[in-house]
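Q: Please read through the structure below; I'll follow up with questions.
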Amino acid sequence: MYVTMMMTDQMLELPPLLNGEVPMMHHMINGDASQQVILVQVNPGETFTIRREDGTLQCIQGPAEVPMMSPNGSIPPIHVPPGYISQVLEDNTGVRRVVVTPHSECYPPSYSPALSPTHHLPPPYMTHPHFIPASHTAYYPPASPGDVPPHQYYQHRLPPIYPEEIIPLYNMSTFLGREEYCKPQPKKPKERPAERQSLSRVSTPPSSSYKSSPACSTTPNGYGKNHAGTAATGGGGGSPGNKRAERRARGSPKQTESDQQDPDLDARRDQDVPSGIEKPQVCKIQARSALVSWSRAPQAGVSGRGQTDGAPLSCSYELLLADKSCDGKYRVVYSGEELQYTLTDLRPATDYHVRVSAVCNSVKGPHSEARAFTTHSAPPETPLPPRLSHRTKSSLTLQWKPPVDNGSKITNYVLEWDEGKKNSVFRECYFGHQRHFKVMRLCPAVGYTFRVAALNDIGPSGFSPEVVFHTTGSLPQMPLAPRLLRAGTSWVALEWTRPSGCSPDEAVTYTLEMQDDSKGPEFKAVYSGAELSSRVEGLSRNTSYRFRLTTCSAEWRSTPSSVLMCRTSPDKPGAPAAPRVSAVTPHSFSVAWDPPQDDGGCGDLTYLLEMSEGNPEAVSQWEIVYRGPLREHVCKDLNAATRYSLRLSSSSSGGHSQYTESLLVCTLSLPPGPCRPITIQGSVKHREVNLQWEGSARDDDHESLVYSVEMSGSEEEADVMQVYHGAHTECTVGSLLPGATYRFRVRAANNAGYGPFTEFLEVTTAAGPPGQCVVPVISLTSHTCAVVSWETDESSGADISGYQLDWGRDQDSLEMVYSGTETFCEISNLEAAASYYCRLQATNQAGSGPYSDLAWCRTPAAAPEAVVNLYVQEPVSLPTEGETFSPSTCLALAWDEPNSNGQEITCYTIAMGDTVITAGNTTCHVIRNLQPDSEYSLKPQEENLQQTQDFHVQVRAENAVGAGPFGPSLRVRTRPLPPAPPRLECAAAGPQSLKLRWGDSNSRGPSTDESTFVLQMEDRNQRFVPIYRGPSHTFKVQRLSESSRYTFRIQAVSEAGEGPFSDMYSFTTAKSVPPTLKAPRVAQLEGNACEVTWENVPPMRGDRISYVLQVLGGRESEYRQVYKGEDTAFQLFGLQWNTDYRLRVLVCRRCSDTSQELCGSFSPSTHFSPRRSNTTVAVEPGSVSTSTPKALTDEQFASLIVLGVASLSIFIAYLLQLLI
């Protein structure tokens, strides 16, 4: 690379590459000022990188000569890559050139280094955009020796397909003025190094790392080094040995074939250069994160033509972040193909700027505009541990530094400590805004652990690391463990000795601490005092406790002593639960029991079961039958039918419990012996027999016995059934069959079991009346006739002489319908679909037997009966239908439902002349399309419809069986048409009322057509409610809100019915006029001035209120306005002494919607006359002149009218009373 310097008063002869592509600027060659122009000659395969005025980087690919202006004539510092040096050469013509050569023994050492490689090309040495043929090239960032290692320098290699193509990076049609071009860049001495370092890392696309080597075969910065003189392959440039030939080639205006540019390659390069990207968007901003998104990069050469080479366009994006300002230090935080990125690890309450650039096909575009955003505030950072500023034996003074507040001011600090317990349980000892605190009343030579946290409006920070500080003083000797004197069931007595190192006069306090496993592992103080012994009460029995002792004085506190473990004594157990007896036999029984509720604190219990024969009152001696830990025992080898008494107790190491109450147990007796034979008591009847027997024949069966009597048939294998069970020795067996033989036997039983049966006794019953007959069978021949039949029963032992049949509609109305010897009966004249019951009774010579069970039947259904009571139904009672009912053109026929004869009526048929109408299963029907105000004759004659509108209508009912007969006729008349609704108008609208008018408004009395009008108003629920019903044509709606819209509708009602409702009419109430104020009050001030005040009126429905004050003074004939505003007081100056003034005020309302001003009436006037006096005179509103009459107010005038009307009414009533 060569840098050539010359004056601008000479015409520059540029290479054809620049002359043929862009024109030379006139202000650079016209010679109007003395300036230095530096020609930077870039060899083929080399790249020249400069920084523009806007901070962006520009890369120029050789071969090219770039003219640059120098404002002071000095050579710009050229930054070279590591391993290279820049040297200044001057030829015979006085032109100085800067040559960049490798620092190696491969080149002559005659060149001396001229420029420092640690600087950029500063902004004043800028190229004009028309002289910058851009290329994808390498850029070497500034670096001091030792700042950046060599492996952090990056270099882009040229694309292998087009190694010498020149791609314009910016628009070549843009021209810069001379003043703007030559203006020096503002200096930023503090930010420039950081900016250069940031741009060197950010704006350079990633490439392969530059590697330095001591050999001469490397190719840094585009030079291919070869001692044999051969050209470097793929580099596009020659070795340093060919510099003279290359210098002559660059100075010649002719071009070689290798320097020719392909137009198609230029077009493709123009198409691949990305244009400017829109400003990125920032959303989801948090305290430490934010989401940045951007749009895709548009291509500068794509519009107007397609991508001709067919290669896909790959674009990546670089996101840069700065945390100070738009021109601050930027760093790359993301590089990839995504269109959004989440920034993390941000600082709260910090201003950031982000911008984005695109790299398409290894070509980097310009940066977008910077987007600024501020992160949210957050809780403070975790503070440092507190530090100790001062300590004594009983206090520690701590200080701490405030942490970073993260955008919100720190309001308070929380200091916590462990109270010296070393149990990791912290408690708050300070809360406030101070950064220091003194902890008092501490023990000497004890370590305390502290931690601190900060709070702001966002929340608390984390606690600082824990730190331990010790108080001063020496650690006292650990006391001896306390000693156990005596232990009880709920207390222990302990003693201890005084520390040996204490003086007799020193006051020592002892603290006895106890640890209970049931309440936790912590020791709690149970005694604190100067005594050498203590008794701890309220302990649990048979429980282990741990005790330790701590001694302290005014200046020291010892550590806890060793632990003493002691145990309370157990208590005697309670009495067990009452024993339970089971499995009682004549010679044994089983006893079980539950443990006592209170075991005395000892789980090992021993039970003692004692037994004695006889009653508890007569017990002579108790005998222990069981001793052990079990809770059940079986007593054996006992006597039968003997009473025994039992009692139970428990014992443990704590003592012996009380005995339970005595339990009386009786063993079972032996089964009884056989009974004496059964005998018959009295005569045997046809249905029952009385039996009697005696008890067991054994003498020892003296206890109560239970007897069981069994019965069977006369056969040997007949079933046996029990007919009696009880303690009596006789029984009556009933429900027997007449003339039948039965066998009976008996046995005795006690609690031990049953004894043997006696021998069977055969008994034959006497003959009796017939038994219960079988249920008769009913056969229906039609819905009006039925045949009843039954069977003969000969089980009574005698012949049946006759039968009786009872028949009826229910069980209570049965009547005899047949009596005879036949076994059937026919019954006629029955009703259709009706239920009937019957029963049968047989009779013989012994009497009548019982009735049989009821038999039931139901006659079949038939066609319905005729429809009767046909009438016209009112429309009010009609069911709701879809069509509107009009009494003028419709007739509502209704009838009573006839008897359905057991089958549900399915429909009704209306025969109207030749027309048949099916009404369905309903008892009403509407006939429509009739003539209004016409008479109709509904007759049952079979006539056709005549012109006189007389025709017959017949109604009949039908069911599933068939159709019934038609009903009677009816004469009716249709009503005239209902009136139409009148037109509704608003006669007058007030602020709280609306006067409505409709129809003929001139007639003040009721209308002659006897029509009634129903006026309805829509409420808040959008429902219409009636507000007036009457014959009048006007109505005034009261109690309305001002400036509100109301909706009404009206309906006319006459004898013909209710007419339709009119259309909805909407009317709006007027705005209220402000009220009339009371007379203003006047107070005389110093001099000839006064202050007028009046009452305040609140705003009316949001409208502003203003006041108008008028004054009438002296000889003036009219009031004049002196004030208009919103204040309720006004001061008048320049009044004349001893002159009468009258003041009045009115209220004006400024309507906000219509800008209309509504004014009320004037208040009563107030008289005022200034007097020369030292005291201030206050004139009340009532101090008006007596010569001026006071006008009546509206209320007073209305009261007078009401009083007059009332007096007149009383007088007329009195006259009428006299006349009557």
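If you're wondering about the labels, chains in the structure tokens are A, B, ... by order shown, residues count from 1 in each chain, ligands from 1 in order shown.
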Considering only C-alpha atoms, return as an MDAnalysis selection string whatever protein or nucleic-acid residues lie within 7 Å of range 922-937 of chain A, sequence-local ones (same chain, fewer than 2 positions apart) excluded.
A: chainID A and resid 888:897 919:920 939 949:952 970:977
Q: For the selection you just gave me, I'd like the residues written to a file as a compact mmCIF listing (two decimals), in the first residue's frame, keeping C-alpha atoms.
A:
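That gives us out.txt:
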```
# COMPACT_ATOMS: atom_id res chain seq x y z
CA SER A 888 -114.38 -7.72 15.87
CA THR A 889 -113.40 -10.46 13.40
CA CYS A 890 -113.02 -13.45 15.70
CA LEU A 891 -115.31 -15.57 17.84
CA ALA A 892 -113.93 -17.64 20.70
CA LEU A 893 -116.09 -20.73 21.15
CA ALA A 894 -115.74 -22.76 24.33
CA TRP A 895 -117.54 -25.73 25.77
CA ASP A 896 -117.43 -28.03 28.75
CA GLU A 897 -115.58 -31.28 28.32
CA ALA A 919 -110.05 -28.26 17.04
CA GLY A 920 -107.70 -30.78 18.64
CA LYS A 939 -128.26 -23.57 15.09
CA GLN A 949 -125.07 -14.81 8.07
CA ASP A 950 -127.17 -17.45 9.91
CA PHE A 951 -125.61 -20.90 9.90
CA HIS A 952 -125.47 -23.86 12.22
CA LEU A 970 -125.66 -20.69 20.11
CA ARG A 971 -126.46 -17.12 18.85
CA VAL A 972 -123.60 -14.57 19.13
CA ARG A 973 -122.58 -11.17 17.73
CA THR A 974 -119.10 -9.83 16.82
CA ARG A 975 -117.87 -6.58 18.27
CA PRO A 976 -117.07 -3.44 16.30
CA LEU A 977 -113.45 -2.63 15.39
```
Q: Can you pull out the residues contacting Arg391 in chain A? Cut-off 10 Å, using only C-alpha atoms, and skip same-chain residues under 3 positions away; I want them as a PDB file with N, CA and C atoms, in the first residue's frame.
A:
```pdb
ATOM      1  N   LEU A 388     -17.747  -4.050  62.109  1.00  0.00           N
ATOM      2  CA  LEU A 388     -17.735  -3.645  63.514  1.00  0.00           C
ATOM      3  C   LEU A 388     -16.936  -2.360  63.651  1.00  0.00           C
ATOM      4  N   SER A 394     -20.635  -5.416  76.758  1.00  0.00           N
ATOM      5  CA  SER A 394     -22.098  -5.583  76.668  1.00  0.00           C
ATOM      6  C   SER A 394     -22.711  -4.924  75.448  1.00  0.00           C
ATOM      7  N   SER A 395     -21.939  -4.474  74.475  1.00  0.00           N
ATOM      8  CA  SER A 395     -22.520  -3.822  73.299  1.00  0.00           C
ATOM      9  C   SER A 395     -21.611  -4.024  72.103  1.00  0.00           C
ATOM     10  N   LEU A 396     -22.240  -3.939  70.929  1.00  0.00           N
ATOM     11  CA  LEU A 396     -21.543  -4.001  69.644  1.00  0.00           C
ATOM     12  C   LEU A 396     -22.119  -2.909  68.758  1.00  0.00           C
ATOM     13  N   THR A 397     -21.248  -2.066  68.185  1.00  0.00           N
ATOM     14  CA  THR A 397     -21.683  -1.011  67.275  1.00  0.00           C
ATOM     15  C   THR A 397     -21.321  -1.442  65.865  1.00  0.00           C
ATOM     16  N   LEU A 398     -22.353  -1.542  65.000  1.00  0.00           N
ATOM     17  CA  LEU A 398     -22.175  -2.038  63.634  1.00  0.00           C
ATOM     18  C   LEU A 398     -22.444  -0.926  62.644  1.00  0.00           C
ATOM     19  N   LYS A 438     -26.324   0.251  67.368  1.00  0.00           N
ATOM     20  CA  LYS A 438     -25.600  -0.228  68.541  1.00  0.00           C
ATOM     21  C   LYS A 438     -26.471  -1.247  69.259  1.00  0.00           C
ATOM     22  N   VAL A 439     -25.992  -2.496  69.358  1.00  0.00           N
ATOM     23  CA  VAL A 439     -26.713  -3.582  70.012  1.00  0.00           C
ATOM     24  C   VAL A 439     -26.291  -3.583  71.477  1.00  0.00           C
ATOM     25  N   PHE A 469     -19.342 -11.351  65.300  1.00  0.00           N
ATOM     26  CA  PHE A 469     -18.560 -10.432  66.115  1.00  0.00           C
ATOM     27  C   PHE A 469     -18.689 -10.859  67.574  1.00  0.00           C
ATOM     28  N   HIS A 470     -17.596 -10.714  68.327  1.00  0.00           N
ATOM     29  CA  HIS A 470     -17.551 -11.098  69.725  1.00  0.00           C
ATOM     30  C   HIS A 470     -17.430  -9.868  70.595  1.00  0.00           C
ATOM     31  N   THR A 471     -18.080  -9.911  71.747  1.00  0.00           N
ATOM     32  CA  THR A 471     -17.906  -8.868  72.746  1.00  0.00           C
ATOM     33  C   THR A 471     -16.606  -9.101  73.497  1.00  0.00           C
ATOM     34  N   THR A 472     -16.149  -8.053  74.187  1.00  0.00           N
ATOM     35  CA  THR A 472     -14.894  -8.143  74.934  1.00  0.00           C
ATOM     36  C   THR A 472     -15.122  -8.832  76.268  1.00  0.00           C
TER      37      THR A 472
END
```
Q: Using only C-alpha atoms, find the one residue out of A:Leu1200, A:Val953, A:Leu664, A:Val66 that sits nearest to Ala911 in chain A.
A: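 Ranked by minimum distance to Ala911 in chain A, first place goes to A:Val953.
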Q: Taking a cut-off of 8 Å and counting only C-alpha atoms, can you build a table that, for each residue of range 559-602 of chain A near range 646-653 of chain A, reports the nearest atom pair and how far apart they are in Å (one decimal), sorted by chain then residue number, as a Markdown table?
A:
```
| residue | atom | partner | partner_atom | distance |
| --- | --- | --- | --- | --- |
| A:Pro570 | CA | A:Ser653 | CA | 7.3 |
| A:Lys572 | CA | A:Ser652 | CA | 6.7 |
| A:Pro573 | CA | A:Ser651 | CA | 6.6 |
| A:Gly574 | CA | A:Ser650 | CA | 7.5 |
| A:Ala575 | CA | A:Ser649 | CA | 5.9 |
| A:Pro576 | CA | A:Ser649 | CA | 6.3 |
| A:Ala578 | CA | A:Leu648 | CA | 7.7 |
| A:Pro579 | CA | A:Leu648 | CA | 7.3 |
| A:Cys602 | CA | A:Ser652 | CA | 7.1 |
```
Q: By how many Å are CA of Arg483 in chain A and CA of Arg557 in chain A apart?
A: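 These atoms are spaced 20.8 Å apart.
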Q: Can you list every residue in range 341-387 of chain A that DSSP puts in strand (DSSP E), as a PyMOL selection string?
A: chain A and resi 341-343+351-360+363-364+371-374+387
Q: Between A:Trp417, A:Tyr803, A:Phe1211, A:Tyr871, which has the minimum distance to Gly447 in chain A (counting only C-alpha atoms)?
A: A:Trp417
Q: Find the distance between CA of Ala640 in chain A and CA of Leu670 in chain A and write it in Å to one decimal.
A: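 Straight-line distance from CA of Ala640 in chain A to CA of Leu670 in chain A works out to 7.2 Å.
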Q: Tell me, as an NGL selection string, which residues lie within 8 Å of range 484-488 of chain A, counting only C-alpha atoms; anything in the same chain fewer than 3 positions away does not count.
A: :A and (491-495 or 541 or 566-569)
Q: Within 6 Å of range 1134-1138 of chain A, counting only C-alpha atoms, which residues qualify if same-chain residues fewer than 4 places away don't, as a PyMOL selection string?
A: chain A and resi 1088+1169-1171
Q: With N, CA and C atoms kept, could you save the residues just selected as an mmCIF file, in the first residue's frame?
A:
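Generated file (out.cif):
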```cif
data_model
loop_
_atom_site.group_PDB
_atom_site.id
_atom_site.type_symbol
_atom_site.label_atom_id
_atom_site.label_comp_id
_atom_site.auth_asym_id
_atom_site.auth_seq_id
_atom_site.Cartn_x
_atom_site.Cartn_y
_atom_site.Cartn_z
ATOM 1 N N ASN A 1088 -64.208 54.415 51.548
ATOM 2 C CA ASN A 1088 -65.476 54.351 50.816
ATOM 3 C C ASN A 1088 -65.549 53.077 49.994
ATOM 4 N N SER A 1169 -75.809 52.142 52.666
ATOM 5 C CA SER A 1169 -75.422 53.563 52.611
ATOM 6 C C SER A 1169 -74.117 53.719 53.359
ATOM 7 N N PRO A 1170 -73.023 54.101 52.706
ATOM 8 C CA PRO A 1170 -71.729 54.258 53.387
ATOM 9 C C PRO A 1170 -71.780 55.388 54.409
ATOM 10 N N ARG A 1171 -71.228 55.143 55.565
ATOM 11 C CA ARG A 1171 -71.169 56.139 56.645
ATOM 12 C C ARG A 1171 -69.719 56.337 57.056
#
```
Q: So the first atom is CA of Pro887 in chain A and the second is CA of Val1053 in chain A; what is the distance between them in Å, to one decimal place?
A: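 Pair CA of Pro887 in chain A / CA of Val1053 in chain A returns 12.7 Å.
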Q: Show me, as a list in words, the residues that have an atom within 12 Å of Gly753 in chain A when counting only C-alpha atoms, minus same-chain residues fewer than 3 positions from it.
A: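 In the requested form, the answer reads Thr585, Pro586, Leu668, Ser669, Leu670, Pro671, Pro672, Gly673, Leu705, Val706, Tyr707, Ser708, Arg747, Ala748, Ala749, Asn750 and Pro756 of chain A.
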Q: What lies within 12 Å of His728 in chain A using only C-alpha atoms, ignoring chain neighbours under 2 positions off, as a PyMOL selection string?
A: chain A and resi 691-695+704-709+724-726+730-732+746+748
Q: Mind dumping the selected residues with C-alpha atoms as a PDB file, in the first residue's frame?
A:
```pdb
ATOM      1  CA  LEU A 691    -104.956 -78.002  75.229  1.00  0.00           C
ATOM      2  CA  GLN A 692    -103.516 -78.354  78.782  1.00  0.00           C
ATOM      3  CA  TRP A 693    -100.436 -80.065  80.312  1.00  0.00           C
ATOM      4  CA  GLU A 694     -98.266 -80.073  83.441  1.00  0.00           C
ATOM      5  CA  GLY A 695     -94.556 -79.252  83.957  1.00  0.00           C
ATOM      6  CA  SER A 704     -89.128 -70.975  85.278  1.00  0.00           C
ATOM      7  CA  LEU A 705     -89.592 -73.104  82.174  1.00  0.00           C
ATOM      8  CA  VAL A 706     -90.694 -72.325  78.617  1.00  0.00           C
ATOM      9  CA  TYR A 707     -92.970 -74.743  76.746  1.00  0.00           C
ATOM     10  CA  SER A 708     -93.228 -75.461  73.040  1.00  0.00           C
ATOM     11  CA  VAL A 709     -96.337 -77.113  71.472  1.00  0.00           C
ATOM     12  CA  TYR A 724     -97.324 -72.249  70.809  1.00  0.00           C
ATOM     13  CA  HIS A 725     -94.218 -71.077  72.705  1.00  0.00           C
ATOM     14  CA  GLY A 726     -94.490 -69.634  76.190  1.00  0.00           C
ATOM     15  CA  GLU A 730    -102.261 -74.329  78.439  1.00  0.00           C
ATOM     16  CA  CYS A 731    -103.025 -72.900  75.005  1.00  0.00           C
ATOM     17  CA  THR A 732    -105.770 -72.616  72.370  1.00  0.00           C
ATOM     18  CA  VAL A 746     -95.203 -80.564  73.978  1.00  0.00           C
ATOM     19  CA  ALA A 748     -90.127 -77.872  78.181  1.00  0.00           C
TER      20      ALA A 748
END
```
Q: For Val868 in chain A, work out the shell of residues within 10 Å, counting only C-alpha atoms and skipping chain neighbours fewer than 6 positions away, then give it as a list in words.
A: Trp895, Asp896, Glu897, Pro898, Val955, Arg956, Phe966, Gly967, Pro968 and Ser969 of chain A
